[in-house]
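K.L.:
Here you go, this is data.cif (mmCIF, C-alpha atoms).
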```cif
data_upload
#
loop_
_atom_site.label_atom_id
_atom_site.label_comp_id
_atom_site.auth_asym_id
_atom_site.auth_seq_id
_atom_site.Cartn_x
_atom_site.Cartn_y
_atom_site.Cartn_z
CA MET A 1 53.75 136.97 -39.01
CA SER A 2 50.02 136.90 -38.32
CA GLU A 3 49.21 134.94 -35.19
CA PRO A 4 46.18 132.71 -34.86
CA GLN A 5 44.09 132.86 -31.73
CA ILE A 6 44.17 129.87 -29.45
CA GLU A 7 41.05 128.76 -27.63
CA LEU A 8 41.14 127.24 -24.17
CA VAL A 9 38.29 125.82 -22.16
CA PRO A 10 38.63 125.72 -18.36
CA ILE A 11 38.94 122.19 -16.95
CA GLY A 12 37.38 123.38 -13.69
CA ARG A 13 37.25 126.15 -11.11
CA VAL A 14 38.93 127.09 -7.86
CA HIS A 15 36.67 127.10 -4.79
CA SER A 16 38.38 129.18 -2.13
CA PRO A 17 37.63 131.36 0.88
CA LEU A 18 39.66 134.07 -0.93
CA LYS A 19 37.04 136.32 -2.51
CA ASP A 20 38.91 139.57 -2.78
CA LEU A 21 42.03 140.51 -4.73
CA ALA A 22 43.15 142.98 -2.05
CA ALA A 23 43.12 140.25 0.61
CA ALA A 24 44.94 137.62 -1.46
CA PRO A 25 48.61 136.89 -0.77
CA LYS A 26 50.94 137.27 -3.74
CA GLN A 27 52.16 133.65 -3.57
CA GLY A 28 50.83 130.51 -1.94
CA ASP A 29 53.62 130.28 0.62
CA GLU A 30 52.85 133.80 1.85
CA GLY A 31 49.79 132.80 3.86
CA ALA A 32 47.29 131.40 1.35
CA PRO A 33 44.49 129.09 2.54
CA ASP A 34 43.54 125.61 1.38
CA ALA A 35 41.29 125.56 -1.67
CA TRP A 36 39.32 123.00 -3.68
CA LEU A 37 40.00 122.37 -7.36
CA VAL A 38 36.62 121.36 -8.77
CA LEU A 39 36.98 119.59 -12.11
CA ALA A 40 34.43 119.44 -14.91
CA PRO A 41 32.59 116.10 -14.53
CA ASP A 42 33.70 114.79 -17.94
CA LEU A 43 37.39 115.31 -17.12
CA ILE A 44 37.64 113.44 -13.81
CA GLY A 45 39.44 110.54 -15.53
CA GLY A 46 42.40 112.86 -16.01
CA LEU A 47 43.07 112.74 -12.26
CA ARG A 48 43.72 108.99 -12.19
CA GLY A 49 46.94 108.28 -10.34
CA ILE A 50 47.17 111.60 -8.48
CA ALA A 51 47.46 110.93 -4.74
CA VAL A 52 47.35 112.78 -1.45
CA GLY A 53 50.79 114.21 -0.71
CA ASP A 54 51.70 114.76 -4.38
CA GLU A 55 53.16 118.12 -5.35
CA ILE A 56 51.36 119.44 -8.41
CA LEU A 57 51.36 122.55 -10.58
CA VAL A 58 48.02 124.28 -11.07
CA LEU A 59 47.71 126.49 -14.15
CA THR A 60 44.93 129.03 -13.86
CA TRP A 61 43.42 131.82 -15.93
CA LEU A 62 43.78 135.07 -14.01
CA ASP A 63 40.55 136.49 -15.31
CA ARG A 64 40.81 139.76 -13.42
CA ALA A 65 44.22 140.71 -14.87
CA SER A 66 45.07 143.42 -17.43
CA ARG A 67 46.35 142.05 -20.70
CA ASP A 68 47.80 145.26 -22.14
CA VAL A 69 50.45 145.88 -19.48
CA LEU A 70 54.10 145.25 -20.42
CA GLU A 71 56.00 146.80 -17.49
CA VAL A 72 55.22 146.81 -13.77
CA HIS A 73 56.80 147.66 -10.44
CA PRO A 74 57.60 144.19 -9.00
CA ARG A 75 55.19 143.20 -6.22
CA SER A 76 53.36 146.54 -6.73
CA ASP A 77 56.22 148.24 -4.86
CA SER A 78 56.64 151.63 -6.53
CA SER A 79 60.11 152.01 -5.01
CA ARG A 80 61.30 149.16 -7.24
CA PRO A 81 62.18 150.05 -10.84
CA LEU A 82 59.81 149.16 -13.66
CA GLN A 83 60.42 145.69 -15.00
CA GLY A 84 59.09 143.80 -18.01
CA VAL A 85 56.16 141.57 -17.05
CA PHE A 86 57.93 138.47 -18.40
CA GLY A 87 60.56 138.95 -15.68
CA THR A 88 57.92 139.11 -12.93
CA ARG A 89 55.05 137.03 -11.58
CA SER A 90 52.60 139.93 -12.01
CA PRO A 91 49.14 138.69 -13.01
CA ASP A 92 49.06 141.52 -15.58
CA ARG A 93 50.59 140.18 -18.83
CA PRO A 94 49.43 139.44 -22.41
CA ASN A 95 48.27 135.92 -21.52
CA PRO A 96 47.51 135.98 -17.78
CA ILE A 97 48.18 132.35 -16.93
CA GLY A 98 48.79 131.73 -13.23
CA LEU A 99 51.22 129.03 -12.10
CA HIS A 100 50.87 127.65 -8.58
CA ARG A 101 52.85 124.86 -6.93
CA VAL A 102 50.73 123.13 -4.28
CA GLU A 103 50.44 119.91 -2.31
CA VAL A 104 47.40 117.63 -2.65
CA ALA A 105 45.62 117.33 0.71
CA GLU A 106 42.47 115.36 -0.18
CA ILE A 107 40.71 113.90 -3.22
CA ARG A 108 36.95 113.29 -3.44
CA GLY A 109 35.85 112.26 -6.91
CA GLY A 110 36.45 115.26 -9.13
CA ARG A 111 37.32 117.59 -6.25
CA VAL A 112 40.92 117.99 -5.13
CA ARG A 113 41.78 119.92 -1.97
CA VAL A 114 45.21 121.56 -2.05
CA HIS A 115 47.24 123.45 0.51
CA ARG A 116 48.18 127.11 0.23
CA LEU A 117 46.69 128.29 -3.07
CA GLU A 118 46.57 132.07 -3.60
CA ALA A 119 44.05 132.00 -6.51
CA LEU A 120 40.71 133.71 -5.91
CA ASP A 121 37.40 131.89 -5.63
CA GLY A 122 35.96 131.16 -9.07
CA THR A 123 39.29 131.32 -10.92
CA PRO A 124 39.20 129.06 -14.01
CA ILE A 125 41.67 126.17 -13.99
CA LEU A 126 43.47 125.43 -17.27
CA ASP A 127 45.66 122.44 -16.44
CA LEU A 128 47.25 120.33 -13.71
CA LYS A 129 50.74 118.86 -14.02
CA PRO A 130 53.02 116.89 -11.73
CA VAL A 131 56.19 118.52 -10.42
CA LEU A 132 58.98 116.79 -12.36
CA SER A 133 61.47 114.69 -10.48
CA ALA A 134 65.01 115.99 -10.96
CA ASN A 135 65.90 112.36 -11.70
CA ALA A 136 64.82 111.52 -15.26
CA SER A 137 64.63 107.79 -14.46
CA GLN A 138 61.83 108.48 -12.00
CA ARG A 139 59.57 110.32 -14.47
CA MET B 1 28.15 125.28 -15.26
CA SER B 2 28.72 126.49 -18.81
CA GLU B 3 32.32 127.49 -19.39
CA PRO B 4 33.34 130.44 -21.50
CA GLN B 5 36.12 130.04 -24.01
CA ILE B 6 39.34 131.86 -23.31
CA GLU B 7 41.36 133.37 -26.13
CA LEU B 8 45.13 133.49 -26.11
CA VAL B 9 47.45 135.12 -28.61
CA PRO B 10 51.02 133.82 -28.89
CA ILE B 11 53.64 136.28 -27.66
CA GLY B 12 56.18 134.74 -30.03
CA ARG B 13 57.54 131.54 -31.50
CA VAL B 14 60.28 129.02 -30.79
CA HIS B 15 63.05 128.82 -33.39
CA SER B 16 64.81 125.50 -32.92
CA PRO B 17 66.77 122.87 -34.83
CA LEU B 18 64.16 120.37 -33.55
CA LYS B 19 61.78 119.92 -36.48
CA ASP B 20 60.35 116.52 -35.78
CA LEU B 21 58.30 115.19 -32.88
CA ALA B 22 59.90 111.75 -33.11
CA ALA B 23 63.39 113.23 -32.66
CA ALA B 24 62.49 115.53 -29.74
CA PRO B 25 63.54 114.58 -26.20
CA LYS B 26 60.70 114.39 -23.67
CA GLN B 27 62.23 117.00 -21.39
CA GLY B 28 64.86 119.71 -21.82
CA ASP B 29 67.41 118.01 -19.58
CA GLU B 30 67.22 114.85 -21.66
CA GLY B 31 69.38 116.14 -24.49
CA ALA B 32 67.49 119.13 -25.94
CA PRO B 33 69.37 121.76 -27.96
CA ASP B 34 69.54 125.52 -27.51
CA ALA B 35 66.65 127.42 -29.08
CA TRP B 36 65.67 131.03 -29.74
CA LEU B 37 62.51 132.55 -28.30
CA VAL B 38 61.47 135.15 -30.88
CA LEU B 39 59.04 137.66 -29.41
CA ALA B 40 56.41 139.65 -31.26
CA PRO B 41 57.95 143.12 -31.92
CA ASP B 42 55.29 144.97 -29.89
CA LEU B 43 55.98 142.88 -26.77
CA ILE B 44 59.75 143.33 -26.47
CA GLY B 45 59.28 145.75 -23.55
CA GLY B 46 58.06 142.78 -21.49
CA LEU B 47 61.62 141.41 -21.45
CA ARG B 48 63.08 144.40 -19.60
CA GLY B 49 65.16 143.20 -16.68
CA ILE B 50 65.67 139.63 -17.87
CA ALA B 51 69.40 138.86 -17.99
CA VAL B 52 71.78 136.18 -19.24
CA GLY B 53 72.03 133.43 -16.66
CA ASP B 54 68.45 133.85 -15.39
CA GLU B 55 66.35 130.72 -14.98
CA ILE B 56 62.97 131.25 -16.60
CA LEU B 57 59.82 129.26 -17.29
CA VAL B 58 58.61 129.17 -20.88
CA LEU B 59 54.93 128.39 -21.41
CA THR B 60 54.18 127.11 -24.89
CA TRP B 61 51.17 125.95 -26.87
CA LEU B 62 51.77 122.35 -27.93
CA ASP B 63 49.91 122.74 -31.18
CA ARG B 64 50.50 119.19 -32.35
CA ALA B 65 48.90 117.57 -29.27
CA SER B 66 45.56 115.75 -28.96
CA ARG B 67 43.05 117.55 -26.77
CA ASP B 68 40.58 114.71 -26.26
CA VAL B 69 42.91 112.31 -24.44
CA LEU B 70 42.38 111.83 -20.69
CA GLU B 71 44.57 108.81 -19.93
CA VAL B 72 48.00 107.85 -21.25
CA HIS B 73 50.84 105.43 -20.61
CA PRO B 74 53.48 107.66 -18.98
CA ARG B 75 56.37 108.48 -21.33
CA SER B 76 54.60 106.44 -24.04
CA ASP B 77 55.80 103.29 -22.26
CA SER B 78 53.01 100.73 -22.73
CA SER B 79 54.39 98.62 -19.87
CA ARG B 80 53.41 101.39 -17.45
CA PRO B 81 49.76 101.51 -16.36
CA LEU B 82 47.39 104.08 -17.80
CA GLN B 83 47.44 107.31 -15.85
CA GLY B 84 45.31 110.44 -15.96
CA VAL B 85 46.92 113.14 -18.10
CA PHE B 86 46.87 115.63 -15.20
CA GLY B 87 49.30 113.34 -13.37
CA THR B 88 51.72 113.25 -16.32
CA ARG B 89 53.65 115.66 -18.53
CA SER B 90 52.10 114.20 -21.68
CA PRO B 91 51.52 116.89 -24.33
CA ASP B 92 48.10 115.31 -24.91
CA ARG B 93 45.61 117.00 -22.53
CA PRO B 94 42.53 119.25 -22.77
CA ASN B 95 44.62 122.45 -22.82
CA PRO B 96 48.04 121.45 -24.15
CA ILE B 97 50.19 124.06 -22.46
CA GLY B 98 53.87 123.15 -22.29
CA LEU B 99 56.00 124.21 -19.33
CA HIS B 100 59.76 124.37 -19.76
CA ARG B 101 62.40 125.50 -17.27
CA VAL B 102 65.42 126.90 -19.09
CA GLU B 103 68.45 129.15 -18.62
CA VAL B 104 68.86 132.37 -20.61
CA ALA B 105 72.04 132.16 -22.71
CA GLU B 106 71.86 135.33 -24.85
CA ILE B 107 69.51 138.26 -25.50
CA ARG B 108 69.43 140.24 -28.77
CA GLY B 109 66.54 142.70 -28.85
CA GLY B 110 63.40 140.61 -28.93
CA ARG B 111 65.24 137.33 -29.37
CA VAL B 112 66.24 135.25 -26.35
CA ARG B 113 68.48 132.21 -26.71
CA VAL B 114 67.90 129.56 -24.05
CA HIS B 115 69.65 126.31 -23.21
CA ARG B 116 68.07 122.88 -23.52
CA LEU B 117 64.52 123.52 -24.76
CA GLU B 118 62.63 120.47 -26.04
CA ALA B 119 59.89 122.43 -27.87
CA LEU B 120 59.69 121.97 -31.65
CA ASP B 121 60.53 124.67 -34.17
CA GLY B 122 57.56 126.98 -34.69
CA THR B 123 55.88 126.23 -31.36
CA PRO B 124 53.84 129.25 -30.18
CA ILE B 125 55.01 130.84 -26.93
CA LEU B 126 52.28 131.91 -24.47
CA ASP B 127 54.21 133.41 -21.58
CA LEU B 128 57.58 133.75 -19.86
CA LYS B 129 57.96 133.84 -16.08
CA PRO B 130 60.88 133.95 -13.66
CA VAL B 131 61.59 130.94 -11.48
CA LEU B 132 60.52 132.06 -8.00
CA SER B 133 63.11 132.33 -5.28
CA ALA B 134 62.30 130.04 -2.36
CA ASN B 135 62.97 133.09 -0.19
CA ALA B 136 59.94 135.41 -0.34
CA SER B 137 62.06 138.46 0.60
CA GLN B 138 64.02 138.06 -2.64
CA ARG B 139 60.99 138.12 -4.95
#
```
With the file now loaded, output its structure as structure tokens.

P.N.:
Amino acid sequence: MSEPQIELVPIGRVHSPLKDLAAAPKQGDEGAPDAWLVLAPDLIGGLRGIAVGDEILVLTWLDRASRDVLEVHPRSDSSRPLQGVFGTRSPDRPNPIGLHRVEVAEIRGGRVRVHRLEALDGTPILDLKPVLSANASQR
Amino acid sequence: MSEPQIELVPIGRVHSPLKDLAAAPKQGDEGAPDAWLVLAPDLIGGLRGIAVGDEILVLTWLDRASRDVLEVHPRSDSSRPLQGVFGTRSPDRPNPIGLHRVEVAEIRGGRVRVHRLEALDGTPILDLKPVLSANASQR
């Protein structure tokens, strides 16, 4: 089975006070700061209907990750046994897509401020999605 | 800001009885069947530690989606007002990445059977991730 390559184009970038991988928390609810999601000007229409207080999923491209790693010590803790990357949230994986659940704090045109995002400044954004209601009739 | 393209390679494919977009449910918990996630042989090590009963997130490439759509009627219901794609789970979006939460039912080498996946047969798989525990000490 030969696999085609798939091409993505970032829809925007993260603007964050987090500049440094060593200083970044591993997950947003472990002390991450607010950040701005800055969308490409031609994609602002895609935000229509998103409101302050919404919970959204931000998909990012973890551009500083290693793509040839298949096993890691979870949370970089060498006392924990090696685990396959697909069973961990390690950024190192064949397709390093980050997944972040955040709350919308403010919207200004094509800029969306969100609470507690652990992505580094400059990280490309691939997609935004709503958190699904558990109740299918409310989707 | 000129944006670089990002290249992904599928880590595997969905094998499913769902062959037809018109017959597919919109979400897994709306009547989707079991499916097999068939990993590329050189990536099987990435599954180490994943077990039957685990809840995982499957990221897919929705290769039949339109990438130039920015607004849709949610759930294709024309009585609902147009909404930006980033506020919906429409497959049509600039980077059509699908996100599916499923339970692992069976593992055989590089094949993982999961419950209730609404992705079509042949859909490329981009990544697998664990569902995060709400308790950071259990991550």

K.L.:
Please report as a ChimeraX atom specification which residues of chain A come no farther than 7 Å from chain B, using all atoms listed in the file.

P.N.:
/A:3-10,45-50,70-71,83-89,95,126-130

K.L.:
Next, dump the selected residues to file, keeping only C-alpha atoms, as a short mmCIF file (atom, residue, chain, number, x, y, z; two decimals), keeping the file's coordinate frame.

P.N.:
```cif
data_model
loop_
_atom_site.label_atom_id
_atom_site.label_comp_id
_atom_site.auth_asym_id
_atom_site.auth_seq_id
_atom_site.Cartn_x
_atom_site.Cartn_y
_atom_site.Cartn_z
CA GLU A 3 49.21 134.94 -35.19
CA PRO A 4 46.18 132.71 -34.86
CA GLN A 5 44.09 132.86 -31.73
CA ILE A 6 44.17 129.87 -29.45
CA GLU A 7 41.05 128.76 -27.63
CA LEU A 8 41.14 127.24 -24.17
CA VAL A 9 38.29 125.82 -22.16
CA PRO A 10 38.63 125.72 -18.36
CA GLY A 45 39.44 110.54 -15.53
CA GLY A 46 42.40 112.86 -16.01
CA LEU A 47 43.07 112.74 -12.26
CA ARG A 48 43.72 108.99 -12.19
CA GLY A 49 46.94 108.28 -10.34
CA ILE A 50 47.17 111.60 -8.48
CA LEU A 70 54.10 145.25 -20.42
CA GLU A 71 56.00 146.80 -17.49
CA GLN A 83 60.42 145.69 -15.00
CA GLY A 84 59.09 143.80 -18.01
CA VAL A 85 56.16 141.57 -17.05
CA PHE A 86 57.93 138.47 -18.40
CA GLY A 87 60.56 138.95 -15.68
CA THR A 88 57.92 139.11 -12.93
CA ARG A 89 55.05 137.03 -11.58
CA ASN A 95 48.27 135.92 -21.52
CA LEU A 126 43.47 125.43 -17.27
CA ASP A 127 45.66 122.44 -16.44
CA LEU A 128 47.25 120.33 -13.71
CA LYS A 129 50.74 118.86 -14.02
CA PRO A 130 53.02 116.89 -11.73
#
```

K.L.:
Rotate and translate chain A onto chain B via least squares on all in-order Cα pairs, then write the result as a PDB file with C-alpha atoms, in the coordinates of the input.

P.N.:
```pdb
ATOM      1  CA  MET A   1      28.150 125.325 -15.224  1.00  0.00           C
ATOM      2  CA  SER A   2      28.702 126.534 -18.778  1.00  0.00           C
ATOM      3  CA  GLU A   3      32.308 127.494 -19.388  1.00  0.00           C
ATOM      4  CA  PRO A   4      33.344 130.439 -21.513  1.00  0.00           C
ATOM      5  CA  GLN A   5      36.131 130.040 -24.015  1.00  0.00           C
ATOM      6  CA  ILE A   6      39.355 131.847 -23.317  1.00  0.00           C
ATOM      7  CA  GLU A   7      41.359 133.358 -26.142  1.00  0.00           C
ATOM      8  CA  LEU A   8      45.137 133.493 -26.117  1.00  0.00           C
ATOM      9  CA  VAL A   9      47.440 135.110 -28.619  1.00  0.00           C
ATOM     10  CA  PRO A  10      51.017 133.808 -28.890  1.00  0.00           C
ATOM     11  CA  ILE A  11      53.639 136.287 -27.657  1.00  0.00           C
ATOM     12  CA  GLY A  12      56.180 134.747 -30.034  1.00  0.00           C
ATOM     13  CA  ARG A  13      57.550 131.534 -31.498  1.00  0.00           C
ATOM     14  CA  VAL A  14      60.274 129.017 -30.781  1.00  0.00           C
ATOM     15  CA  HIS A  15      63.052 128.823 -33.384  1.00  0.00           C
ATOM     16  CA  SER A  16      64.808 125.502 -32.923  1.00  0.00           C
ATOM     17  CA  PRO A  17      66.776 122.886 -34.837  1.00  0.00           C
ATOM     18  CA  LEU A  18      64.157 120.387 -33.559  1.00  0.00           C
ATOM     19  CA  LYS A  19      61.778 119.928 -36.483  1.00  0.00           C
ATOM     20  CA  ASP A  20      60.386 116.507 -35.785  1.00  0.00           C
ATOM     21  CA  LEU A  21      58.324 115.186 -32.882  1.00  0.00           C
ATOM     22  CA  ALA A  22      59.936 111.738 -33.102  1.00  0.00           C
ATOM     23  CA  ALA A  23      63.414 113.234 -32.655  1.00  0.00           C
ATOM     24  CA  ALA A  24      62.518 115.531 -29.751  1.00  0.00           C
ATOM     25  CA  PRO A  25      63.541 114.579 -26.212  1.00  0.00           C
ATOM     26  CA  LYS A  26      60.714 114.376 -23.690  1.00  0.00           C
ATOM     27  CA  GLN A  27      62.246 117.009 -21.379  1.00  0.00           C
ATOM     28  CA  GLY A  28      64.878 119.683 -21.835  1.00  0.00           C
ATOM     29  CA  ASP A  29      67.427 118.001 -19.585  1.00  0.00           C
ATOM     30  CA  GLU A  30      67.247 114.822 -21.673  1.00  0.00           C
ATOM     31  CA  GLY A  31      69.388 116.152 -24.510  1.00  0.00           C
ATOM     32  CA  ALA A  32      67.496 119.126 -25.956  1.00  0.00           C
ATOM     33  CA  PRO A  33      69.368 121.769 -27.981  1.00  0.00           C
ATOM     34  CA  ASP A  34      69.545 125.525 -27.515  1.00  0.00           C
ATOM     35  CA  ALA A  35      66.661 127.414 -29.090  1.00  0.00           C
ATOM     36  CA  TRP A  36      65.678 131.032 -29.739  1.00  0.00           C
ATOM     37  CA  LEU A  37      62.513 132.551 -28.297  1.00  0.00           C
ATOM     38  CA  VAL A  38      61.472 135.145 -30.870  1.00  0.00           C
ATOM     39  CA  LEU A  39      59.034 137.658 -29.401  1.00  0.00           C
ATOM     40  CA  ALA A  40      56.410 139.662 -31.262  1.00  0.00           C
ATOM     41  CA  PRO A  41      57.939 143.114 -31.921  1.00  0.00           C
ATOM     42  CA  ASP A  42      55.289 144.974 -29.897  1.00  0.00           C
ATOM     43  CA  LEU A  43      55.973 142.886 -26.777  1.00  0.00           C
ATOM     44  CA  ILE A  44      59.745 143.316 -26.463  1.00  0.00           C
ATOM     45  CA  GLY A  45      59.274 145.739 -23.545  1.00  0.00           C
ATOM     46  CA  GLY A  46      58.063 142.792 -21.490  1.00  0.00           C
ATOM     47  CA  LEU A  47      61.611 141.401 -21.440  1.00  0.00           C
ATOM     48  CA  ARG A  48      63.080 144.392 -19.599  1.00  0.00           C
ATOM     49  CA  GLY A  49      65.160 143.203 -16.674  1.00  0.00           C
ATOM     50  CA  ILE A  50      65.670 139.618 -17.869  1.00  0.00           C
ATOM     51  CA  ALA A  51      69.400 138.849 -17.987  1.00  0.00           C
ATOM     52  CA  VAL A  52      71.770 136.191 -19.242  1.00  0.00           C
ATOM     53  CA  GLY A  53      72.036 133.432 -16.645  1.00  0.00           C
ATOM     54  CA  ASP A  54      68.452 133.839 -15.384  1.00  0.00           C
ATOM     55  CA  GLU A  55      66.356 130.707 -14.988  1.00  0.00           C
ATOM     56  CA  ILE A  56      62.970 131.244 -16.600  1.00  0.00           C
ATOM     57  CA  LEU A  57      59.807 129.267 -17.282  1.00  0.00           C
ATOM     58  CA  VAL A  58      58.610 129.163 -20.880  1.00  0.00           C
ATOM     59  CA  LEU A  59      54.924 128.384 -21.401  1.00  0.00           C
ATOM     60  CA  THR A  60      54.170 127.111 -24.876  1.00  0.00           C
ATOM     61  CA  TRP A  61      51.171 125.937 -26.870  1.00  0.00           C
ATOM     62  CA  LEU A  62      51.766 122.345 -27.931  1.00  0.00           C
ATOM     63  CA  ASP A  63      49.934 122.739 -31.191  1.00  0.00           C
ATOM     64  CA  ARG A  64      50.491 119.177 -32.347  1.00  0.00           C
ATOM     65  CA  ALA A  65      48.899 117.575 -29.260  1.00  0.00           C
ATOM     66  CA  SER A  66      45.547 115.761 -28.955  1.00  0.00           C
ATOM     67  CA  ARG A  67      43.055 117.564 -26.777  1.00  0.00           C
ATOM     68  CA  ASP A  68      40.577 114.721 -26.264  1.00  0.00           C
ATOM     69  CA  VAL A  69      42.901 112.320 -24.444  1.00  0.00           C
ATOM     70  CA  LEU A  70      42.373 111.830 -20.691  1.00  0.00           C
ATOM     71  CA  GLU A  71      44.581 108.809 -19.920  1.00  0.00           C
ATOM     72  CA  VAL A  72      48.009 107.851 -21.255  1.00  0.00           C
ATOM     73  CA  HIS A  73      50.837 105.423 -20.614  1.00  0.00           C
ATOM     74  CA  PRO A  74      53.480 107.659 -18.951  1.00  0.00           C
ATOM     75  CA  ARG A  75      56.353 108.484 -21.313  1.00  0.00           C
ATOM     76  CA  SER A  76      54.590 106.432 -24.042  1.00  0.00           C
ATOM     77  CA  ASP A  77      55.788 103.278 -22.257  1.00  0.00           C
ATOM     78  CA  SER A  78      52.999 100.737 -22.723  1.00  0.00           C
ATOM     79  CA  SER A  79      54.377  98.620 -19.875  1.00  0.00           C
ATOM     80  CA  ARG A  80      53.395 101.394 -17.457  1.00  0.00           C
ATOM     81  CA  PRO A  81      49.749 101.494 -16.349  1.00  0.00           C
ATOM     82  CA  LEU A  82      47.385 104.079 -17.793  1.00  0.00           C
ATOM     83  CA  GLN A  83      47.440 107.310 -15.852  1.00  0.00           C
ATOM     84  CA  GLY A  84      45.301 110.443 -15.967  1.00  0.00           C
ATOM     85  CA  VAL A  85      46.925 113.141 -18.102  1.00  0.00           C
ATOM     86  CA  PHE A  86      46.870 115.626 -15.206  1.00  0.00           C
ATOM     87  CA  GLY A  87      49.301 113.333 -13.367  1.00  0.00           C
ATOM     88  CA  THR A  88      51.714 113.255 -16.321  1.00  0.00           C
ATOM     89  CA  ARG A  89      53.647 115.672 -18.514  1.00  0.00           C
ATOM     90  CA  SER A  90      52.102 114.204 -21.685  1.00  0.00           C
ATOM     91  CA  PRO A  91      51.524 116.891 -24.322  1.00  0.00           C
ATOM     92  CA  ASP A  92      48.090 115.320 -24.919  1.00  0.00           C
ATOM     93  CA  ARG A  93      45.613 116.997 -22.521  1.00  0.00           C
ATOM     94  CA  PRO A  94      42.525 119.259 -22.768  1.00  0.00           C
ATOM     95  CA  ASN A  95      44.615 122.446 -22.818  1.00  0.00           C
ATOM     96  CA  PRO A  96      48.043 121.431 -24.155  1.00  0.00           C
ATOM     97  CA  ILE A  97      50.193 124.050 -22.462  1.00  0.00           C
ATOM     98  CA  GLY A  98      53.878 123.133 -22.293  1.00  0.00           C
ATOM     99  CA  LEU A  99      55.999 124.202 -19.322  1.00  0.00           C
ATOM    100  CA  HIS A 100      59.767 124.358 -19.762  1.00  0.00           C
ATOM    101  CA  ARG A 101      62.391 125.498 -17.263  1.00  0.00           C
ATOM    102  CA  VAL A 102      65.425 126.902 -19.088  1.00  0.00           C
ATOM    103  CA  GLU A 103      68.435 129.148 -18.607  1.00  0.00           C
ATOM    104  CA  VAL A 104      68.867 132.363 -20.615  1.00  0.00           C
ATOM    105  CA  ALA A 105      72.043 132.164 -22.717  1.00  0.00           C
ATOM    106  CA  GLU A 106      71.846 135.333 -24.841  1.00  0.00           C
ATOM    107  CA  ILE A 107      69.507 138.261 -25.493  1.00  0.00           C
ATOM    108  CA  ARG A 108      69.412 140.253 -28.746  1.00  0.00           C
ATOM    109  CA  GLY A 109      66.535 142.707 -28.858  1.00  0.00           C
ATOM    110  CA  GLY A 110      63.384 140.621 -28.938  1.00  0.00           C
ATOM    111  CA  ARG A 111      65.226 137.320 -29.376  1.00  0.00           C
ATOM    112  CA  VAL A 112      66.230 135.270 -26.348  1.00  0.00           C
ATOM    113  CA  ARG A 113      68.479 132.227 -26.708  1.00  0.00           C
ATOM    114  CA  VAL A 114      67.906 129.563 -24.056  1.00  0.00           C
ATOM    115  CA  HIS A 115      69.649 126.321 -23.218  1.00  0.00           C
ATOM    116  CA  ARG A 116      68.067 122.891 -23.518  1.00  0.00           C
ATOM    117  CA  LEU A 117      64.520 123.515 -24.756  1.00  0.00           C
ATOM    118  CA  GLU A 118      62.629 120.456 -26.040  1.00  0.00           C
ATOM    119  CA  ALA A 119      59.874 122.416 -27.882  1.00  0.00           C
ATOM    120  CA  LEU A 120      59.697 121.967 -31.651  1.00  0.00           C
ATOM    121  CA  ASP A 121      60.526 124.676 -34.165  1.00  0.00           C
ATOM    122  CA  GLY A 122      57.556 126.985 -34.697  1.00  0.00           C
ATOM    123  CA  THR A 123      55.881 126.231 -31.356  1.00  0.00           C
ATOM    124  CA  PRO A 124      53.842 129.253 -30.183  1.00  0.00           C
ATOM    125  CA  ILE A 125      55.004 130.841 -26.930  1.00  0.00           C
ATOM    126  CA  LEU A 126      52.286 131.908 -24.476  1.00  0.00           C
ATOM    127  CA  ASP A 127      54.228 133.417 -21.582  1.00  0.00           C
ATOM    128  CA  LEU A 128      57.592 133.753 -19.849  1.00  0.00           C
ATOM    129  CA  LYS A 129      57.954 133.842 -16.067  1.00  0.00           C
ATOM    130  CA  PRO A 130      60.879 133.947 -13.668  1.00  0.00           C
ATOM    131  CA  VAL A 131      61.592 130.926 -11.480  1.00  0.00           C
ATOM    132  CA  LEU A 132      60.515 132.041  -7.997  1.00  0.00           C
ATOM    133  CA  SER A 133      63.113 132.318  -5.292  1.00  0.00           C
ATOM    134  CA  ALA A 134      62.297 130.041  -2.359  1.00  0.00           C
ATOM    135  CA  ASN A 135      62.977 133.108  -0.203  1.00  0.00           C
ATOM    136  CA  ALA A 136      59.947 135.419  -0.345  1.00  0.00           C
ATOM    137  CA  SER A 137      62.061 138.460   0.590  1.00  0.00           C
ATOM    138  CA  GLN A 138      64.004 138.078  -2.641  1.00  0.00           C
ATOM    139  CA  ARG A 139      60.961 138.138  -4.950  1.00  0.00           C
TER     140      ARG A 139
END
```

K.L.:
Using all atoms listed in the file, which of the listed residues (B:Leu39, B:Val14, B:Ala22, B:Val52) sits closest to Ala105 (chain B)?

P.N.:
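Of the candidates, the smallest distance to Ala105 (chain B) is held by B:Val52.
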
K.L.:
Expand the PyMOL selection byres ((chain B and resi 117) around 9) into the individual residues it matches in the shown file, reporting them as a PDB file with C-alpha atoms, in the frame of the given file.

P.N.:
```pdb
ATOM      1  CA  SER B  16      64.810 125.500 -32.920  1.00  0.00           C
ATOM      2  CA  GLN B  27      62.230 117.000 -21.390  1.00  0.00           C
ATOM      3  CA  GLY B  28      64.860 119.710 -21.820  1.00  0.00           C
ATOM      4  CA  ASP B  29      67.410 118.010 -19.580  1.00  0.00           C
ATOM      5  CA  GLY B  31      69.380 116.140 -24.490  1.00  0.00           C
ATOM      6  CA  ALA B  32      67.490 119.130 -25.940  1.00  0.00           C
ATOM      7  CA  PRO B  33      69.370 121.760 -27.960  1.00  0.00           C
ATOM      8  CA  ASP B  34      69.540 125.520 -27.510  1.00  0.00           C
ATOM      9  CA  ALA B  35      66.650 127.420 -29.080  1.00  0.00           C
ATOM     10  CA  HIS B 100      59.760 124.370 -19.760  1.00  0.00           C
ATOM     11  CA  ARG B 101      62.400 125.500 -17.270  1.00  0.00           C
ATOM     12  CA  VAL B 102      65.420 126.900 -19.090  1.00  0.00           C
ATOM     13  CA  VAL B 114      67.900 129.560 -24.050  1.00  0.00           C
ATOM     14  CA  HIS B 115      69.650 126.310 -23.210  1.00  0.00           C
ATOM     15  CA  ARG B 116      68.070 122.880 -23.520  1.00  0.00           C
ATOM     16  CA  GLU B 118      62.630 120.470 -26.040  1.00  0.00           C
ATOM     17  CA  ALA B 119      59.890 122.430 -27.870  1.00  0.00           C
ATOM     18  CA  LEU B 120      59.690 121.970 -31.650  1.00  0.00           C
TER      19      LEU B 120
END
```
